[in-house]
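K.L.:
Here you go, this is query.txt (compact mmCIF, C-alpha atoms and all ligand atoms).
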# COMPACT_ATOMS: atom_id res chain seq x y z
CA MET A 1 -53.95 -30.04 -28.00
CA GLU A 2 -51.97 -27.69 -30.19
CA GLU A 3 -53.65 -24.70 -28.62
CA GLU A 4 -52.63 -25.91 -25.18
CA GLU A 5 -49.02 -26.23 -26.33
CA GLU A 6 -49.05 -22.68 -27.73
CA LYS A 7 -50.37 -21.34 -24.43
CA LYS A 8 -47.70 -23.15 -22.48
CA LYS A 9 -44.99 -21.73 -24.72
CA LYS A 10 -46.35 -18.20 -24.30
CA ARG A 11 -46.45 -18.60 -20.57
CA ARG A 12 -42.91 -19.91 -20.41
CA LYS A 13 -41.35 -17.30 -22.63
CA PRO A 14 -41.21 -14.22 -20.34
CA TYR A 15 -39.93 -16.37 -17.52
CA ASP A 16 -37.13 -17.78 -19.70
CA ARG A 17 -36.13 -14.32 -20.76
CA HIS A 18 -35.91 -13.09 -17.18
CA LEU A 19 -33.84 -16.09 -16.27
CA PHE A 20 -31.50 -15.34 -19.17
CA LEU A 21 -31.18 -11.67 -18.15
CA ARG A 22 -30.55 -12.65 -14.58
CA LEU A 23 -27.83 -15.09 -15.60
CA MET A 24 -26.21 -12.38 -17.73
CA LEU A 25 -26.30 -9.98 -14.76
CA ILE A 26 -24.72 -12.55 -12.46
CA LEU A 27 -22.01 -13.28 -15.03
CA PHE A 28 -21.37 -9.57 -15.51
CA LEU A 29 -21.16 -8.86 -11.77
CA GLY A 30 -18.85 -11.83 -11.28
CA PHE A 31 -16.60 -10.55 -14.04
CA ALA A 32 -16.67 -6.98 -12.73
CA LEU A 33 -15.79 -8.09 -9.19
CA SER A 34 -13.00 -10.38 -10.36
CA THR A 35 -11.39 -7.56 -12.32
CA CYS A 36 -12.06 -4.77 -9.82
CA LYS A 37 -8.77 -4.73 -7.96
CA ALA A 38 -9.32 -1.22 -6.59
CA CYS A 39 -12.50 -2.28 -4.78
CA PRO A 40 -12.09 -2.71 -1.04
CA ASN A 41 -11.64 -6.36 -0.10
CA ALA A 42 -11.12 -7.29 -3.72
CA GLY A 43 -8.82 -10.14 -2.89
CA ASP A 44 -5.19 -10.48 -2.25
CA GLY A 45 -3.67 -8.71 -5.24
CA VAL A 46 -1.07 -5.98 -4.97
CA LEU A 47 -2.87 -2.94 -3.62
CA SER A 48 -3.79 -0.91 -6.61
CA ILE A 49 -4.78 2.31 -4.90
CA HIS A 50 -1.73 3.99 -6.38
CA LEU A 51 -1.04 1.74 -9.34
CA SER A 52 -1.92 4.59 -11.72
CA THR A 53 1.20 6.39 -10.53
CA ALA A 54 4.38 4.37 -10.94
CA ASP A 55 6.44 3.95 -7.78
CA PRO A 56 9.24 6.55 -7.98
CA ILE A 57 11.54 4.41 -5.83
CA PRO A 58 13.26 1.43 -7.53
CA GLY A 59 12.03 -2.01 -6.47
CA SER A 60 15.53 -3.03 -5.36
CA VAL A 61 15.57 -0.11 -2.90
CA ARG A 62 12.15 -1.13 -1.54
CA GLU A 63 13.44 -4.67 -1.06
CA THR A 64 16.58 -3.54 0.73
CA TRP A 65 14.49 -1.65 3.30
CA MET A 66 12.04 -4.52 3.67
CA ARG A 67 15.01 -6.72 4.61
CA GLU A 68 15.85 -4.06 7.20
CA ALA A 69 12.31 -4.42 8.62
CA ILE A 70 12.91 -8.18 8.87
CA ALA A 71 16.26 -7.48 10.55
CA ALA A 72 14.52 -5.20 13.10
CA VAL A 73 12.56 -8.14 14.50
CA VAL A 74 15.17 -10.88 13.95
CA SER A 75 17.88 -8.86 15.72
CA LEU A 76 15.62 -8.49 18.75
CA HIS A 77 13.95 -11.91 18.92
CA GLY A 78 16.23 -14.29 16.97
CA PRO A 79 15.85 -16.09 13.60
CA CYS A 80 12.31 -17.46 14.16
CA PRO A 81 10.36 -14.95 16.25
CA PHE A 82 6.84 -16.11 17.09
CA GLN A 83 5.56 -12.59 16.32
CA PRO A 84 7.71 -11.68 13.30
CA PHE A 85 6.41 -8.16 12.90
CA GLY A 86 9.24 -5.69 12.30
CA ALA A 87 9.16 -2.11 11.07
CA VAL A 88 11.60 0.57 10.02
CA PHE A 89 11.18 4.28 9.27
CA VAL A 90 13.16 5.58 6.30
CA ASP A 91 13.57 9.10 4.90
CA HIS A 92 13.54 8.95 1.08
CA THR A 93 13.37 12.76 0.78
CA LEU A 94 17.02 13.07 1.87
CA SER A 95 18.08 10.66 -0.89
CA GLN A 96 16.32 8.15 -3.13
CA GLU A 97 18.21 5.29 -1.48
CA GLY A 98 16.79 6.46 1.83
CA VAL A 99 18.19 7.06 5.30
CA LYS A 100 17.20 4.91 8.25
CA ILE A 101 15.59 6.97 11.02
CA CYS A 102 14.48 4.35 13.55
CA ALA A 103 13.04 0.85 13.82
CA GLY A 104 10.86 -1.28 16.04
CA ALA A 105 9.67 -4.83 16.58
CA ASN A 106 6.56 -6.43 18.01
CA HIS A 107 6.62 -6.83 21.77
CA GLU A 108 3.04 -7.84 22.56
CA ILE A 109 4.27 -9.93 25.47
CA SER A 110 4.73 -6.75 27.50
CA ASP A 111 2.10 -4.52 25.87
CA PRO A 112 -0.77 -5.58 23.57
CA THR A 113 -0.53 -2.33 21.59
CA LEU A 114 3.18 -2.81 20.94
CA HIS A 115 2.95 -4.04 17.36
CA GLY A 116 6.02 -3.46 15.17
CA GLU A 117 4.70 -0.21 13.70
CA VAL A 118 3.72 1.26 17.08
CA ALA A 119 7.07 0.20 18.54
CA ALA A 120 8.82 2.02 15.67
CA ILE A 121 6.73 5.18 16.22
CA ARG A 122 7.58 5.15 19.95
CA ASN A 123 11.27 4.55 19.28
CA CYS A 124 11.30 7.47 16.84
CA VAL A 125 9.61 9.78 19.33
CA ALA A 126 11.98 8.70 22.11
CA LYS A 127 15.01 9.16 19.89
CA HIS A 128 14.12 12.46 18.25
CA GLY A 129 12.20 14.21 20.99
CA GLN A 130 9.02 16.24 21.09
CA PRO A 131 9.75 19.55 19.31
CA ARG A 132 9.68 18.16 15.78
CA ILE A 133 6.81 15.69 16.21
CA GLY A 134 4.25 17.98 14.53
CA SER A 135 5.87 17.47 11.13
CA PHE A 136 8.37 14.81 12.05
CA PHE A 137 6.76 11.87 10.23
CA LYS A 138 5.85 13.88 7.13
CA ASN A 139 8.96 12.86 5.19
CA LEU A 140 9.10 9.29 6.47
CA SER A 141 8.26 5.96 4.85
CA LEU A 142 7.28 3.05 7.05
CA TYR A 143 8.38 -0.44 5.97
CA SER A 144 6.63 -3.30 7.73
CA THR A 145 6.99 -7.07 7.33
CA ALA A 146 3.18 -7.35 7.34
CA GLU A 147 0.21 -5.21 6.39
CA PRO A 148 -0.55 -2.77 9.24
CA CYS A 149 -3.59 -3.80 11.29
CA PRO A 150 -6.36 -1.17 11.74
CA MET A 151 -4.78 -0.01 15.03
CA CYS A 152 -1.37 0.49 13.42
CA MET A 153 -2.68 1.99 10.20
CA SER A 154 -4.68 4.48 12.27
CA ALA A 155 -1.58 5.34 14.30
CA LEU A 156 0.37 5.85 11.08
CA ARG A 157 -2.35 8.18 9.80
CA TRP A 158 -2.32 10.15 13.06
CA ALA A 159 1.47 10.37 12.78
CA GLY A 160 1.11 11.72 9.22
CA VAL A 161 3.61 9.43 7.47
CA ARG A 162 4.45 9.83 3.79
CA GLU A 163 4.39 6.18 2.70
CA VAL A 164 3.43 2.76 4.04
CA ILE A 165 5.21 -0.19 2.41
CA PHE A 166 4.41 -3.69 3.58
CA ALA A 167 5.09 -7.31 2.69
CA THR A 168 2.70 -10.10 3.77
CA THR A 169 -0.96 -9.08 3.49
CA THR A 170 -3.79 -9.40 6.00
CA PRO A 171 -5.67 -12.06 3.95
CA ARG A 172 -2.47 -14.11 3.72
CA LEU A 173 -1.99 -13.94 7.50
CA SER A 174 -5.59 -15.12 7.96
CA GLU A 175 -4.88 -17.98 5.56
CA PHE A 176 -1.84 -18.95 7.63
CA GLY A 177 -4.05 -19.16 10.73
CA TRP A 178 -3.37 -15.79 12.38
CA GLY A 179 -6.27 -14.11 14.20
CA MET A 180 -6.80 -10.86 12.31
CA ILE A 181 -9.05 -7.82 12.36
CA GLU A 182 -9.88 -8.01 8.69
CA ILE A 183 -10.01 -4.35 7.79
CA ARG A 184 -7.46 -3.62 5.12
CA ALA A 185 -4.87 -0.83 5.53
CA GLU A 186 -6.19 0.61 2.31
CA GLU A 187 -9.68 0.91 3.82
CA VAL A 188 -8.44 2.64 6.99
CA ASN A 189 -6.43 4.98 4.76
CA ALA A 190 -9.39 5.79 2.53
CA LYS A 191 -11.68 6.41 5.50
CA SER A 192 -9.27 8.73 7.32
CA VAL A 193 -10.83 12.01 6.35
CA ASN A 194 -8.98 15.28 7.01
CA VAL A 195 -6.68 13.47 9.40
CA ARG A 196 -3.23 14.57 8.23
CA ASP A 197 -1.42 15.53 5.09
CA PRO A 198 -0.16 13.85 3.05
CA VAL A 199 -2.43 10.85 2.45
CA PRO A 200 0.23 8.13 2.48
CA TYR A 201 1.21 6.16 -0.57
CA LEU A 202 0.43 2.49 0.10
CA LEU A 203 2.39 -0.35 -1.47
CA GLY A 204 1.83 -4.00 -0.55
CA GLU A 205 3.34 -7.43 -1.21
CA ILE A 206 6.95 -6.24 -1.33
CA LEU A 207 9.38 -9.15 -0.84
CA THR A 208 6.72 -11.62 0.38
CA ASN A 209 8.94 -14.37 -1.05
CA GLU A 210 11.21 -13.62 1.94
CA THR A 211 8.72 -12.53 4.62
CA ASP A 212 6.02 -15.24 4.23
CA GLN A 213 8.29 -17.97 5.61
CA PHE A 214 8.32 -16.15 8.97
CA PHE A 215 4.52 -16.33 9.26
CA THR A 216 3.67 -19.83 8.00
CA TRP A 217 4.92 -22.12 10.79
CA GLN A 218 3.19 -20.88 13.98
CA PHE A 219 -0.26 -22.39 13.38
CA ASP A 220 0.65 -25.20 11.01
CA LYS A 221 2.70 -27.85 12.74
CA SER A 222 3.80 -29.25 9.37
CA GLY A 223 4.93 -25.79 8.22
CA LYS A 224 8.61 -25.39 7.45
CA CYS A 225 10.71 -23.38 9.91
CA PRO A 226 12.54 -20.21 8.82
CA ALA A 227 16.23 -20.61 7.95
CA GLY A 228 18.39 -21.44 10.97
CA CYS A 229 15.49 -22.90 12.99
CA ALA A 230 14.02 -26.34 13.62
CA ARG A 231 11.02 -27.84 15.43
CA ASP A 232 11.77 -28.69 19.02
CA ALA A 233 9.72 -31.23 21.01
CA LYS A 234 10.77 -29.44 24.23
CA THR A 235 8.85 -26.31 23.20
CA SER A 236 5.60 -27.95 21.95
CA ASN A 237 7.20 -28.42 18.54
CA LEU A 238 7.60 -24.72 17.87
CA CYS A 239 10.43 -23.54 15.65
CA VAL A 240 13.45 -22.54 17.68
CA LYS A 241 16.95 -21.48 16.79
CA LYS A 242 19.03 -24.51 15.81
CA ALA A 243 21.62 -25.38 18.41
CA VAL A 244 25.13 -24.65 17.16
CA SER A 245 26.84 -27.96 16.52
CA SER A 246 29.88 -28.59 18.71
CA MET A 247 31.73 -30.02 15.71
C1 LIG A 301 10.93 17.38 4.88
O1 LIG A 301 11.45 17.58 3.59
C2 LIG A 301 11.40 18.92 3.17
C3 LIG A 301 11.86 18.94 1.71
O2 LIG A 301 13.05 18.22 1.54
C4 LIG A 301 12.27 19.77 4.09
O3 LIG A 301 12.23 21.11 3.69
C5 LIG A 301 11.75 19.64 5.51
O4 LIG A 301 12.57 20.34 6.41
C6 LIG A 301 11.65 18.19 5.93
N1 LIG A 301 10.96 18.10 7.20
C7 LIG A 301 11.46 17.40 8.22
C8 LIG A 301 10.62 17.44 9.46
O5 LIG A 301 12.47 16.75 8.16
C1 LIG A 302 12.61 -12.46 -3.76
O1 LIG A 302 12.19 -11.72 -4.91
C2 LIG A 302 13.00 -10.59 -5.22
C3 LIG A 302 12.39 -9.96 -6.44
O2 LIG A 302 11.17 -9.38 -6.13
C4 LIG A 302 14.42 -10.99 -5.46
O3 LIG A 302 15.21 -9.84 -5.63
C5 LIG A 302 14.95 -11.78 -4.27
O4 LIG A 302 16.24 -12.27 -4.54
C6 LIG A 302 14.02 -12.96 -3.95
N1 LIG A 302 14.50 -13.61 -2.75
C7 LIG A 302 14.77 -14.91 -2.68
C8 LIG A 302 15.24 -15.43 -1.38
O5 LIG A 302 14.64 -15.64 -3.66
Re-express the file's structure as structure tokens.

P.N.:
Amino acid sequence: MEEEEEKKKKRRKPYDRHLFLRLMLILFLGFALSTCKACPNAGDGVLSIHLSTADPIPGSVRETWMREAIAAVVSLHGPCPFQPFGAVFVDHTLSQEGVKICAGANHEISDPTLHGEVAAIRNCVAKHGQPRIGSFFKNLSLYSTAEPCPMCMSALRWAGVREVIFATTTPRLSEFGWGMIEIRAEEVNAKSVNVRDPVPYLLGEILTNETDQFFTWQFDKSGKCPAGCARDAKTSNLCVKKAVSSM
């Protein structure tokens, strides 16, 4: 009897040890992944690709220009645009506060490639003409209300912009119900090899406390409308600009 027990113990031992090692490995990997913010697709944290170098532009300046990106789409489509993707190009090399160069807003209704960022690029080209295009975007920072999709991030790389600053992230938009191509701007940036100089500085989640509200109502009928708008039964309960009271 006792001999049998001993044998059983011996047989069990190596197995138990492997199980223990495996559990430790799983725990370690879980920990490593949860703390690895620089890994691609590592969640929804602020993009850390450049976190080792502090942003030279004050946060308040970033926020001011992000509000300008919001204004680019609101001024064109009203206070609750269905596609609230706005973008503005700013030159921070002329002054730290920055100088507005041109802006654009999503107009997918007329052209599926006309996302906010592409609209801004086209407006810039139209406004400033061909001769300077070779180096034109080199000094420019692009502010966008949402993380550039792979198409837009690629276009921004081909343009050779200096910085890409965005608010609401791709994973957040997916969460809100938007159909997304889930390749992060950071990934497109990292995989653009020998495309243009400089490799743009990427900064995400700027002023999301003001941009998120524009993205949360389209696919969630209980979602709150942006300021100045209300659900309207006449338009399938979408958010529309509140009628001005006659009082
Ligand atoms: C970009 O900035 C540099 C340095 O301020 C300046 O010399 C250059 O002319 C600028 N390029 C363009 C296209 O504005
Ligand atoms: C959003 O947060 C920024 C700080 O990051 C703050 O300056 C701004 O006032 C906030 N906006 C609202 C509407 O609370």

K.L.:
Within 7 Å of ligand LIG 302 (chain A), counting all atoms listed in the file, which protein or nucleic acid residues do you find, written as a list of chain:residue names?

P.N.:
A:Ser60, A:Leu207, A:Asn209, A:Glu210

K.L.:
Using only C-alpha atoms and all ligand atoms, which residues of the polymer chains come no farther than 12 Å from ligand LIG 301 (chain A)? I'd like the answer as a PyMOL selection string.

P.N.:
chain A and resi 90-96+99+101+128+130-141+160-162+198

K.L.:
A:Tyr143, A:Phe219, A:Phe176, A:Trp158: which is nearest Leu203 of chain A, counting only C-alpha atoms?

P.N.:
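Of all the options, A:Tyr143 lies closest to Leu203 of chain A.
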
K.L.:
How many Å separate atom CA of Lys221 of chain A from atom CA of Gly78 of chain A?

P.N.:
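One can read the atom CA of Lys221 of chain A to atom CA of Gly78 of chain A distance as 19.6 Å.
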
K.L.:
Go through A:Val73, A:Cys225, A:Val118, A:Val188 one by one, measure the shortest atom-to-atom distance of each to Ala155 of chain A using all atoms listed in the file, and give the residue with the smallest value.

P.N.:
A:Val118

K.L.:
So what do you get for atom CA of Arg184 of chain A versus atom CA of Pro150 of chain A, distance-wise?

P.N.:
7.1 Å

K.L.:
Report the distance between atom CA of Ser154 of chain A and atom CA of Glu182 of chain A in Å, rounded to one decimal place.

P.N.:
14.0 Å

K.L.:
Which is closer to Leu114 of chain A than all the others in A:Cys239, A:Ser174, A:Ala87, A:Ile206, using only C-alpha atoms?

P.N.:
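Result for the nearest residue to Leu114 of chain A: A:Ala87.
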
K.L.:
Taking into account all atoms listed in the file, which residue in the set A:Asn189, A:Asn106, A:Ser144, A:Asn237 is nearest to Glu63 of chain A?

P.N.:
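Nearest to Glu63 of chain A: A:Ser144.
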
K.L.:
Identify which of the residues A:Leu156, A:Ala167, A:Ala105, A:Ile181 lies closest to Trp65 of chain A, counting all atoms listed in the file when measuring atom-to-atom distances.

P.N.:
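Comparing A:Leu156, A:Ala167, A:Ala105, A:Ile181 against Trp65 of chain A, the winner is A:Ala167.
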
K.L.:
Find the residue from A:Ile165, A:Ala190, A:Pro226, A:Arg122 that sits nearest to Asp55 of chain A; use all atoms listed in the file when measuring.

P.N.:
A:Ile165

K.L.:
What's around Leu238 of chain A at 10 Å? Count only C-alpha atoms, leave out sequence neighbours fewer than 4 positions away in its own chain, and write the answer as a list of chain:residue names.

P.N.:
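Using only C-alpha atoms, the neighbours found are A:Cys80, A:Phe82, A:Trp217, A:Gln218, A:Phe219, A:Asp220, A:Lys221, A:Cys225, A:Cys229, A:Ala230, A:Arg231, A:Asp232, A:Ala233, A:Lys234.
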
K.L.:
Output C-alpha atoms for every residue in the selection just made, as a PDB file, in the coordinates of the input.

P.N.:
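Saved to selection.pdb:
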ATOM      1  CA  CYS A  80      12.310 -17.460  14.160  1.00  0.00           C
ATOM      2  CA  PHE A  82       6.840 -16.110  17.090  1.00  0.00           C
ATOM      3  CA  TRP A 217       4.920 -22.120  10.790  1.00  0.00           C
ATOM      4  CA  GLN A 218       3.190 -20.880  13.980  1.00  0.00           C
ATOM      5  CA  PHE A 219      -0.260 -22.390  13.380  1.00  0.00           C
ATOM      6  CA  ASP A 220       0.650 -25.200  11.010  1.00  0.00           C
ATOM      7  CA  LYS A 221       2.700 -27.850  12.740  1.00  0.00           C
ATOM      8  CA  CYS A 225      10.710 -23.380   9.910  1.00  0.00           C
ATOM      9  CA  CYS A 229      15.490 -22.900  12.990  1.00  0.00           C
ATOM     10  CA  ALA A 230      14.020 -26.340  13.620  1.00  0.00           C
ATOM     11  CA  ARG A 231      11.020 -27.840  15.430  1.00  0.00           C
ATOM     12  CA  ASP A 232      11.770 -28.690  19.020  1.00  0.00           C
ATOM     13  CA  ALA A 233       9.720 -31.230  21.010  1.00  0.00           C
ATOM     14  CA  LYS A 234      10.770 -29.440  24.230  1.00  0.00           C
TER      15      LYS A 234
END
